[in-house]
>>> print(open('data-v6.cif').read())   # mmCIF, N, CA and C atoms and all ligand atoms
data_final
loop_
_atom_site.label_atom_id
_atom_site.label_comp_id
_atom_site.auth_asym_id
_atom_site.auth_seq_id
_atom_site.Cartn_x
_atom_site.Cartn_y
_atom_site.Cartn_z
N MET A 1 19.87 15.29 12.74
CA MET A 1 18.63 15.80 12.13
C MET A 1 18.93 17.12 11.44
N SER A 2 18.67 17.17 10.16
CA SER A 2 19.01 18.36 9.39
C SER A 2 17.84 19.33 9.27
N CYS A 3 16.73 19.01 9.88
CA CYS A 3 15.54 19.84 9.72
C CYS A 3 15.64 21.12 10.55
N LEU A 4 15.46 22.26 9.88
CA LEU A 4 15.56 23.56 10.54
C LEU A 4 14.60 23.69 11.72
N PHE A 5 13.35 23.30 11.52
CA PHE A 5 12.39 23.49 12.60
C PHE A 5 12.58 22.48 13.72
N CYS A 6 13.10 21.29 13.42
CA CYS A 6 13.49 20.38 14.51
C CYS A 6 14.59 21.02 15.36
N LYS A 7 15.51 21.73 14.69
CA LYS A 7 16.59 22.39 15.43
C LYS A 7 16.05 23.54 16.27
N ILE A 8 15.09 24.27 15.77
CA ILE A 8 14.47 25.34 16.58
C ILE A 8 13.74 24.72 17.77
N VAL A 9 12.98 23.66 17.52
CA VAL A 9 12.27 22.99 18.61
C VAL A 9 13.26 22.53 19.69
N ALA A 10 14.41 22.02 19.25
CA ALA A 10 15.42 21.50 20.19
C ALA A 10 16.23 22.62 20.85
N GLY A 11 16.05 23.84 20.39
CA GLY A 11 16.81 24.96 20.94
C GLY A 11 18.20 25.10 20.38
N GLU A 12 18.48 24.37 19.30
CA GLU A 12 19.82 24.43 18.69
C GLU A 12 19.99 25.64 17.79
N ILE A 13 18.88 26.19 17.33
CA ILE A 13 18.87 27.42 16.54
C ILE A 13 17.92 28.38 17.26
N PRO A 14 18.34 29.64 17.44
CA PRO A 14 17.48 30.57 18.20
C PRO A 14 16.23 30.97 17.43
N ALA A 15 15.19 31.25 18.18
CA ALA A 15 13.95 31.79 17.62
C ALA A 15 13.25 32.53 18.76
N VAL A 16 12.42 33.48 18.39
CA VAL A 16 11.64 34.21 19.40
C VAL A 16 10.37 33.41 19.66
N ARG A 17 10.41 32.63 20.74
CA ARG A 17 9.29 31.76 21.06
C ARG A 17 8.17 32.56 21.72
N VAL A 18 6.96 32.33 21.27
CA VAL A 18 5.81 33.02 21.86
C VAL A 18 4.91 32.05 22.61
N TYR A 19 5.13 30.75 22.44
CA TYR A 19 4.35 29.74 23.15
C TYR A 19 5.06 28.42 23.01
N GLU A 20 4.98 27.58 24.05
CA GLU A 20 5.41 26.19 23.91
C GLU A 20 4.74 25.32 24.95
N ASP A 21 4.52 24.07 24.59
CA ASP A 21 4.02 23.08 25.54
C ASP A 21 4.64 21.73 25.16
N GLU A 22 4.07 20.64 25.65
CA GLU A 22 4.69 19.33 25.44
C GLU A 22 4.68 18.92 23.97
N ARG A 23 3.73 19.43 23.20
CA ARG A 23 3.56 18.97 21.81
C ARG A 23 3.84 20.04 20.77
N LEU A 24 3.76 21.33 21.15
CA LEU A 24 3.85 22.42 20.17
C LEU A 24 4.88 23.45 20.58
N VAL A 25 5.45 24.12 19.57
CA VAL A 25 6.24 25.34 19.80
C VAL A 25 5.74 26.37 18.79
N ALA A 26 5.59 27.62 19.23
CA ALA A 26 5.21 28.72 18.33
C ALA A 26 6.28 29.80 18.46
N PHE A 27 6.70 30.32 17.30
CA PHE A 27 7.76 31.33 17.29
C PHE A 27 7.52 32.31 16.15
N ASN A 28 8.14 33.49 16.28
CA ASN A 28 7.98 34.50 15.24
C ASN A 28 8.69 34.10 13.97
N ASP A 29 8.03 34.33 12.84
CA ASP A 29 8.67 34.09 11.54
C ASP A 29 9.83 35.07 11.38
N ILE A 30 10.94 34.60 10.86
CA ILE A 30 12.14 35.43 10.71
C ILE A 30 11.96 36.49 9.62
N ASN A 31 10.99 36.30 8.75
CA ASN A 31 10.73 37.22 7.64
C ASN A 31 9.24 37.55 7.62
N PRO A 32 8.81 38.33 8.62
CA PRO A 32 7.36 38.49 8.83
C PRO A 32 6.67 39.19 7.67
N GLN A 33 5.50 38.66 7.33
CA GLN A 33 4.70 39.21 6.22
C GLN A 33 3.51 40.04 6.72
N ALA A 34 3.43 40.23 8.02
CA ALA A 34 2.36 41.02 8.64
C ALA A 34 2.86 41.38 10.03
N PRO A 35 2.20 42.36 10.69
CA PRO A 35 2.63 42.73 12.05
C PRO A 35 2.71 41.52 13.00
N MET A 36 1.76 40.59 12.86
CA MET A 36 1.87 39.29 13.55
C MET A 36 2.14 38.24 12.48
N HIS A 37 3.23 37.53 12.62
CA HIS A 37 3.50 36.38 11.74
C HIS A 37 4.20 35.33 12.59
N VAL A 38 3.38 34.45 13.11
CA VAL A 38 3.84 33.38 14.00
C VAL A 38 3.74 32.05 13.27
N LEU A 39 4.67 31.16 13.53
CA LEU A 39 4.62 29.79 13.02
C LEU A 39 4.35 28.85 14.19
N VAL A 40 3.33 28.03 14.06
CA VAL A 40 3.02 27.02 15.08
C VAL A 40 3.48 25.68 14.53
N VAL A 41 4.38 25.02 15.23
CA VAL A 41 4.94 23.76 14.74
C VAL A 41 4.80 22.67 15.81
N PRO A 42 4.60 21.44 15.36
CA PRO A 42 4.63 20.33 16.32
C PRO A 42 6.08 19.98 16.67
N ARG A 43 6.28 19.50 17.89
CA ARG A 43 7.64 19.03 18.25
C ARG A 43 8.03 17.83 17.41
N VAL A 44 7.07 17.00 17.08
CA VAL A 44 7.37 15.82 16.27
C VAL A 44 7.57 16.25 14.82
N HIS A 45 8.51 15.60 14.14
CA HIS A 45 8.77 15.92 12.74
C HIS A 45 7.75 15.25 11.83
N VAL A 46 7.02 16.08 11.10
CA VAL A 46 6.13 15.62 10.03
C VAL A 46 6.47 16.51 8.84
N ALA A 47 6.87 15.94 7.72
CA ALA A 47 7.44 16.75 6.64
C ALA A 47 6.41 17.63 5.94
N THR A 48 5.29 17.05 5.56
CA THR A 48 4.27 17.82 4.83
C THR A 48 2.88 17.36 5.28
N LEU A 49 1.88 18.08 4.86
CA LEU A 49 0.50 17.66 5.16
C LEU A 49 0.22 16.27 4.62
N ASN A 50 0.91 15.90 3.52
CA ASN A 50 0.70 14.58 2.92
C ASN A 50 1.08 13.45 3.86
N ASP A 51 1.88 13.75 4.87
CA ASP A 51 2.37 12.72 5.79
C ASP A 51 1.50 12.57 7.04
N LEU A 52 0.45 13.37 7.13
CA LEU A 52 -0.43 13.27 8.30
C LEU A 52 -1.27 11.99 8.24
N THR A 53 -1.51 11.42 9.41
CA THR A 53 -2.41 10.27 9.54
C THR A 53 -3.45 10.62 10.60
N ALA A 54 -4.38 9.71 10.79
CA ALA A 54 -5.43 9.93 11.79
C ALA A 54 -4.82 10.14 13.18
N GLU A 55 -3.64 9.58 13.40
CA GLU A 55 -2.99 9.75 14.71
C GLU A 55 -2.62 11.20 14.99
N HIS A 56 -2.53 11.99 13.93
CA HIS A 56 -2.16 13.40 14.09
C HIS A 56 -3.36 14.32 14.24
N ASP A 57 -4.56 13.78 14.19
CA ASP A 57 -5.74 14.66 14.17
C ASP A 57 -5.78 15.57 15.39
N GLY A 58 -5.49 15.02 16.55
CA GLY A 58 -5.51 15.84 17.76
C GLY A 58 -4.44 16.92 17.72
N LEU A 59 -3.27 16.54 17.22
CA LEU A 59 -2.15 17.48 17.14
C LEU A 59 -2.48 18.66 16.21
N VAL A 60 -3.04 18.36 15.06
CA VAL A 60 -3.40 19.43 14.12
C VAL A 60 -4.48 20.32 14.72
N GLY A 61 -5.41 19.72 15.42
CA GLY A 61 -6.43 20.52 16.11
C GLY A 61 -5.79 21.46 17.12
N GLU A 62 -4.81 20.97 17.84
CA GLU A 62 -4.12 21.83 18.82
C GLU A 62 -3.38 22.96 18.12
N MET A 63 -2.78 22.67 16.97
CA MET A 63 -2.07 23.72 16.23
C MET A 63 -3.04 24.84 15.83
N VAL A 64 -4.19 24.44 15.31
CA VAL A 64 -5.15 25.45 14.86
C VAL A 64 -5.70 26.23 16.05
N ARG A 65 -6.02 25.53 17.11
CA ARG A 65 -6.58 26.23 18.27
C ARG A 65 -5.53 27.11 18.94
N ARG A 66 -4.29 26.70 18.95
CA ARG A 66 -3.24 27.53 19.55
C ARG A 66 -2.97 28.77 18.69
N GLY A 67 -2.92 28.59 17.39
CA GLY A 67 -2.73 29.75 16.52
C GLY A 67 -3.86 30.75 16.70
N THR A 68 -5.07 30.25 16.82
CA THR A 68 -6.23 31.12 17.04
C THR A 68 -6.11 31.85 18.39
N ALA A 69 -5.70 31.15 19.41
CA ALA A 69 -5.55 31.78 20.73
C ALA A 69 -4.48 32.86 20.70
N LEU A 70 -3.39 32.61 19.97
CA LEU A 70 -2.32 33.61 19.87
C LEU A 70 -2.81 34.86 19.13
N ALA A 71 -3.61 34.66 18.07
CA ALA A 71 -4.18 35.81 17.34
C ALA A 71 -5.18 36.55 18.24
N LYS A 72 -5.97 35.80 18.95
CA LYS A 72 -6.95 36.42 19.85
C LYS A 72 -6.26 37.24 20.92
N ALA A 73 -5.14 36.73 21.44
CA ALA A 73 -4.41 37.43 22.50
C ALA A 73 -3.89 38.79 22.02
N ARG A 74 -3.72 38.93 20.70
CA ARG A 74 -3.27 40.22 20.14
C ARG A 74 -4.43 41.05 19.62
N GLY A 75 -5.65 40.58 19.88
CA GLY A 75 -6.84 41.36 19.54
C GLY A 75 -7.30 41.19 18.12
N PHE A 76 -6.85 40.16 17.42
CA PHE A 76 -7.19 40.01 16.01
C PHE A 76 -8.37 39.05 15.79
N ASP A 77 -8.98 38.59 16.86
CA ASP A 77 -10.09 37.65 16.67
C ASP A 77 -11.27 38.32 15.98
N GLY A 78 -11.55 39.56 16.35
CA GLY A 78 -12.67 40.26 15.72
C GLY A 78 -12.32 40.86 14.38
N SER A 79 -11.15 41.48 14.27
CA SER A 79 -10.75 42.15 13.02
C SER A 79 -10.38 41.13 11.95
N GLY A 80 -9.83 40.01 12.36
CA GLY A 80 -9.51 38.94 11.43
C GLY A 80 -8.04 38.63 11.36
N PHE A 81 -7.75 37.40 11.02
CA PHE A 81 -6.38 36.92 10.86
C PHE A 81 -6.42 35.76 9.90
N ARG A 82 -5.25 35.33 9.45
CA ARG A 82 -5.19 34.24 8.46
C ARG A 82 -4.31 33.11 8.97
N THR A 83 -4.75 31.90 8.71
CA THR A 83 -3.94 30.71 9.01
C THR A 83 -3.67 29.99 7.69
N VAL A 84 -2.43 29.56 7.51
CA VAL A 84 -2.03 28.93 6.24
C VAL A 84 -1.08 27.76 6.51
N PHE A 85 -1.38 26.64 5.86
CA PHE A 85 -0.42 25.54 5.74
C PHE A 85 -0.04 25.47 4.26
N ASN A 86 1.21 25.68 3.93
CA ASN A 86 1.66 25.45 2.56
C ASN A 86 2.12 23.99 2.43
N CYS A 87 1.77 23.37 1.32
CA CYS A 87 2.16 21.97 1.11
C CYS A 87 2.88 21.82 -0.23
N ASN A 88 4.16 21.56 -0.13
CA ASN A 88 5.01 21.27 -1.30
C ASN A 88 5.25 22.49 -2.20
N ALA A 89 5.99 22.25 -3.26
CA ALA A 89 6.65 23.34 -3.98
C ALA A 89 5.69 24.38 -4.55
N GLN A 90 4.64 23.93 -5.18
CA GLN A 90 3.81 24.91 -5.88
C GLN A 90 3.04 25.81 -4.91
N ALA A 91 2.89 25.38 -3.70
CA ALA A 91 2.26 26.24 -2.68
C ALA A 91 3.29 27.11 -1.97
N GLY A 92 4.58 26.87 -2.24
CA GLY A 92 5.62 27.70 -1.64
C GLY A 92 6.21 27.15 -0.36
N GLN A 93 5.99 25.85 -0.08
CA GLN A 93 6.60 25.29 1.13
C GLN A 93 8.11 25.23 0.95
N THR A 94 8.84 25.81 1.91
CA THR A 94 10.30 25.83 1.86
C THR A 94 10.94 25.09 3.03
N VAL A 95 10.19 24.93 4.10
CA VAL A 95 10.69 24.17 5.26
C VAL A 95 9.80 22.94 5.41
N PHE A 96 10.44 21.77 5.34
CA PHE A 96 9.66 20.54 5.27
C PHE A 96 9.50 19.90 6.64
N HIS A 97 8.85 20.69 7.50
CA HIS A 97 8.38 20.30 8.83
C HIS A 97 7.10 21.12 8.98
N ILE A 98 5.97 20.45 9.07
CA ILE A 98 4.71 21.20 8.97
C ILE A 98 4.66 22.35 9.95
N HIS A 99 4.06 23.43 9.49
CA HIS A 99 3.94 24.64 10.31
C HIS A 99 2.71 25.39 9.87
N LEU A 100 2.02 25.94 10.85
CA LEU A 100 0.85 26.77 10.59
C LEU A 100 1.28 28.23 10.68
N HIS A 101 1.16 28.94 9.55
CA HIS A 101 1.40 30.39 9.57
C HIS A 101 0.17 31.05 10.19
N VAL A 102 0.41 32.00 11.09
CA VAL A 102 -0.68 32.80 11.65
C VAL A 102 -0.32 34.27 11.41
N LEU A 103 -1.11 34.91 10.55
CA LEU A 103 -0.82 36.28 10.12
C LEU A 103 -1.96 37.19 10.56
N GLY A 104 -1.60 38.35 11.12
CA GLY A 104 -2.62 39.30 11.53
C GLY A 104 -2.04 40.69 11.66
N GLY A 105 -2.95 41.67 11.75
CA GLY A 105 -2.52 43.05 11.99
C GLY A 105 -2.56 43.93 10.76
N ARG A 106 -2.95 43.38 9.63
CA ARG A 106 -3.16 44.19 8.43
C ARG A 106 -4.19 43.48 7.56
N ALA A 107 -4.76 44.25 6.61
CA ALA A 107 -5.69 43.64 5.66
C ALA A 107 -4.90 42.72 4.73
N LEU A 108 -5.42 41.54 4.49
CA LEU A 108 -4.73 40.52 3.69
C LEU A 108 -5.54 40.26 2.43
N ALA A 109 -4.87 40.28 1.30
CA ALA A 109 -5.56 40.10 0.03
C ALA A 109 -6.00 38.65 -0.18
N TRP A 110 -7.05 38.52 -0.97
CA TRP A 110 -7.51 37.20 -1.43
C TRP A 110 -7.98 37.33 -2.86
N PRO A 111 -7.64 36.47 -3.79
CA PRO A 111 -6.87 35.25 -3.59
C PRO A 111 -5.39 35.54 -3.36
N PRO A 112 -4.69 34.59 -2.74
CA PRO A 112 -3.26 34.74 -2.51
C PRO A 112 -2.50 34.67 -3.83
N GLY A 113 -1.31 35.21 -3.85
CA GLY A 113 -0.51 35.21 -5.07
C GLY A 113 0.02 33.84 -5.42
P1 LIG B 1 6.91 27.92 4.11
O1 LIG B 1 7.36 28.74 2.93
O2 LIG B 1 5.42 27.76 4.23
O3 LIG B 1 7.64 26.59 4.19
O4 LIG B 1 7.31 28.77 5.38
C1 LIG B 1 8.57 28.73 5.95
C2 LIG B 1 8.68 29.95 6.81
O5 LIG B 1 9.77 29.79 7.70
C3 LIG B 1 8.96 31.23 6.02
O6 LIG B 1 7.92 32.17 6.26
C4 LIG B 1 10.30 31.71 6.56
O7 LIG B 1 10.39 33.11 6.66
C5 LIG B 1 10.35 31.02 7.92
N1 LIG B 1 11.70 30.79 8.44
C6 LIG B 1 12.77 30.31 7.78
N2 LIG B 1 13.83 30.20 8.60
C7 LIG B 1 13.40 30.63 9.83
C8 LIG B 1 14.02 30.77 11.10
N3 LIG B 1 15.33 30.44 11.29
N4 LIG B 1 13.30 31.25 12.12
C9 LIG B 1 12.00 31.59 11.93
N5 LIG B 1 11.34 31.47 10.77
C10 LIG B 1 12.04 31.00 9.73
ZN ZN B 2 11.60 18.63 11.57
#
>>> encode(input="data-v6.cif", output="structure tokens")
Amino acid sequence: MSCLFCKIVAGEIPAVRVYEDERLVAFNDINPQAPMHVLVVPRVHVATLNDLTAEHDGLVGEMVRRGTALAKARGFDGSGFRTVFNCNAQAGQTVFHIHLHVLGGRALAWPPG
């Protein structure tokens, strides 16, 4: 398996893990764009949002709820935080294993660049 995030999930490449369970792993982004920049990824390989099916609905819900819980644990539930899924090239997706970015700890501009 050549997928970078599959290798992180498998422990073959190091990452600073902040949460894991049977279905998800969350770890710090190696190039953080905010004081909190965590990636929430499923253990199962799904390349892009385009590959999701109804069978993944529960999994995606867990990703969103876990990212929210991690932001809340750092006190960003009231001040605000951002969750982002990039899909394919024009959105800036560079790792083709779905991941939810969770960014918090600074004011974030909108619209995104
Ligand atoms: P995206 O551009 O949405 O595909 O996001 C990929 C993210 O993965 C980027 O924010 C990268 O900084 C991050 N990233 C790349 N390699 C690693 C790594 N080895 N460990 C943690 N995060 C990584
Ligand atoms: Zn993968």
>>> closest_residue(input="data-v6.cif", among="A:Gly105, A:Gly67, A:Pro42, A:Gly80", to="ligand ZN 2 (chain B)", atoms="all atoms listed in the file")
A:Pro42
>>> atom_distance(input="data-v6.cif", atom1="atom CA of A:Leu4", atom2="atom ZN of ligand ZN 2 (chain B)")
6.4 Å
>>> residues_near_ligand(input="data-v6.cif", ligand="ligand ZN 2 (chain B)", cutoff="7 Å", atoms="all atoms listed in the file", output="ChimeraX atom specification")
/A:2-7,43-47,96-98
>>> residues_near_ligand(input="data-v6.cif", ligand="ligand LIG 1 (chain B)", cutoff="10 Å", atoms="only C-alpha atoms and all ligand atoms", output="JSON, numbers by chain")
{"A": [4, 5, 7, 8, 13, 14, 15, 16, 17, 26, 27, 28, 29, 30, 31, 32, 33, 37, 38, 39, 48, 84, 85, 86, 87, 88, 89, 91, 92, 93, 94, 95, 96, 97, 98, 99, 100, 101]}
>>> atom_distance(input="data-v6.cif", atom1="atom CA of A:Glu22", atom2="atom CA of A:Asn50")
23.4 Å
>>> atom_distance(input="data-v6.cif", atom1="atom CA of A:Ala109", atom2="atom CA of A:Val41")
24.4 Å
>>> residues_near_point(input="data-v6.cif", point="(-2.4, 46.6, 7.8)", cutoff="12 Å", atoms="only C-alpha atoms", output="PyMOL selection string")
chain A and resi 33-36+76+79-81+103-109
>>> select_by_dssp(input="data-v6.cif", residues="stretch 40-95 of chain A", states="strand (DSSP E)", output="list in words")
Val40, Val41, Pro42, Phe81, Arg82, Thr83 and Val84 of chain A
>>> select_by_dssp(input="data-v6.cif", residues="chain A", states="helix (DSSP H, G or I)", output="PyMOL selection string")
chain A and resi 4-10+49-51+54-73+76-79+89-91
>>> residues_around(input="data-v6.cif", residues="stretch 54-62 of chain A", least_positions_apart="6", cutoff="8 Å", atoms="all atoms listed in the file", output="VMD selection string")
chain A and resid 23 to 24 42 68
>>> decode(input="data-v6.cif", residues="stretch 48-96 of chain A", atoms="C-alpha atoms", output="PDB file, in the first residue's frame")
ATOM      1  CA  THR A  48     -11.657  11.101  -2.130  1.00  0.00           C
ATOM      2  CA  LEU A  49     -15.113  12.295  -1.135  1.00  0.00           C
ATOM      3  CA  ASN A  50     -16.228  11.112  -4.591  1.00  0.00           C
ATOM      4  CA  ASP A  51     -15.673   7.531  -3.433  1.00  0.00           C
ATOM      5  CA  LEU A  52     -18.027   7.711  -0.458  1.00  0.00           C
ATOM      6  CA  THR A  53     -21.180   5.589  -0.466  1.00  0.00           C
ATOM      7  CA  ALA A  54     -24.113   5.329   1.903  1.00  0.00           C
ATOM      8  CA  GLU A  55     -22.127   2.666   3.761  1.00  0.00           C
ATOM      9  CA  HIS A  56     -19.727   5.393   4.861  1.00  0.00           C
ATOM     10  CA  ASP A  57     -22.366   7.711   6.305  1.00  0.00           C
ATOM     11  CA  GLY A  58     -21.763   6.584   9.868  1.00  0.00           C
ATOM     12  CA  LEU A  59     -18.008   6.805   9.439  1.00  0.00           C
ATOM     13  CA  VAL A  60     -18.138  10.367   8.115  1.00  0.00           C
ATOM     14  CA  GLY A  61     -20.431  11.322  10.973  1.00  0.00           C
ATOM     15  CA  GLU A  62     -17.886   9.931  13.417  1.00  0.00           C
ATOM     16  CA  MET A  63     -15.112  11.921  11.732  1.00  0.00           C
ATOM     17  CA  VAL A  64     -17.043  15.165  12.080  1.00  0.00           C
ATOM     18  CA  ARG A  65     -18.100  14.486  15.649  1.00  0.00           C
ATOM     19  CA  ARG A  66     -14.579  13.455  16.659  1.00  0.00           C
ATOM     20  CA  GLY A  67     -13.017  16.526  15.088  1.00  0.00           C
ATOM     21  CA  THR A  68     -15.546  18.653  16.946  1.00  0.00           C
ATOM     22  CA  ALA A  69     -14.785  16.900  20.237  1.00  0.00           C
ATOM     23  CA  LEU A  70     -11.051  17.454  19.739  1.00  0.00           C
ATOM     24  CA  ALA A  71     -11.631  21.176  19.075  1.00  0.00           C
ATOM     25  CA  LYS A  72     -13.928  21.399  22.077  1.00  0.00           C
ATOM     26  CA  ALA A  73     -11.304  19.725  24.278  1.00  0.00           C
ATOM     27  CA  ARG A  74      -8.951  22.613  23.418  1.00  0.00           C
ATOM     28  CA  GLY A  75     -11.605  25.200  24.226  1.00  0.00           C
ATOM     29  CA  PHE A  76     -12.395  26.219  20.658  1.00  0.00           C
ATOM     30  CA  ASP A  77     -16.067  25.254  20.664  1.00  0.00           C
ATOM     31  CA  GLY A  78     -17.167  28.732  21.697  1.00  0.00           C
ATOM     32  CA  SER A  79     -14.510  30.827  19.943  1.00  0.00           C
ATOM     33  CA  GLY A  80     -14.778  28.794  16.751  1.00  0.00           C
ATOM     34  CA  PHE A  81     -12.854  26.348  14.618  1.00  0.00           C
ATOM     35  CA  ARG A  82     -12.904  25.159  11.022  1.00  0.00           C
ATOM     36  CA  THR A  83     -13.381  21.740   9.478  1.00  0.00           C
ATOM     37  CA  VAL A  84     -12.369  21.131   5.856  1.00  0.00           C
ATOM     38  CA  PHE A  85     -12.432  18.235   3.430  1.00  0.00           C
ATOM     39  CA  ASN A  86     -10.489  19.037   0.261  1.00  0.00           C
ATOM     40  CA  CYS A  87     -11.544  17.027  -2.788  1.00  0.00           C
ATOM     41  CA  ASN A  88      -9.224  16.655  -5.765  1.00  0.00           C
ATOM     42  CA  ALA A  89      -6.729  18.993  -7.355  1.00  0.00           C
ATOM     43  CA  GLN A  90      -8.495  22.305  -7.588  1.00  0.00           C
ATOM     44  CA  ALA A  91      -9.403  22.192  -3.904  1.00  0.00           C
ATOM     45  CA  GLY A  92      -5.792  21.398  -3.013  1.00  0.00           C
ATOM     46  CA  GLN A  93      -6.094  17.728  -2.070  1.00  0.00           C
ATOM     47  CA  THR A  94      -2.573  16.282  -1.969  1.00  0.00           C
ATOM     48  CA  VAL A  95      -3.095  13.066  -0.004  1.00  0.00           C
ATOM     49  CA  PHE A  96      -5.639  10.756  -1.568  1.00  0.00           C
TER      50      PHE A  96
END
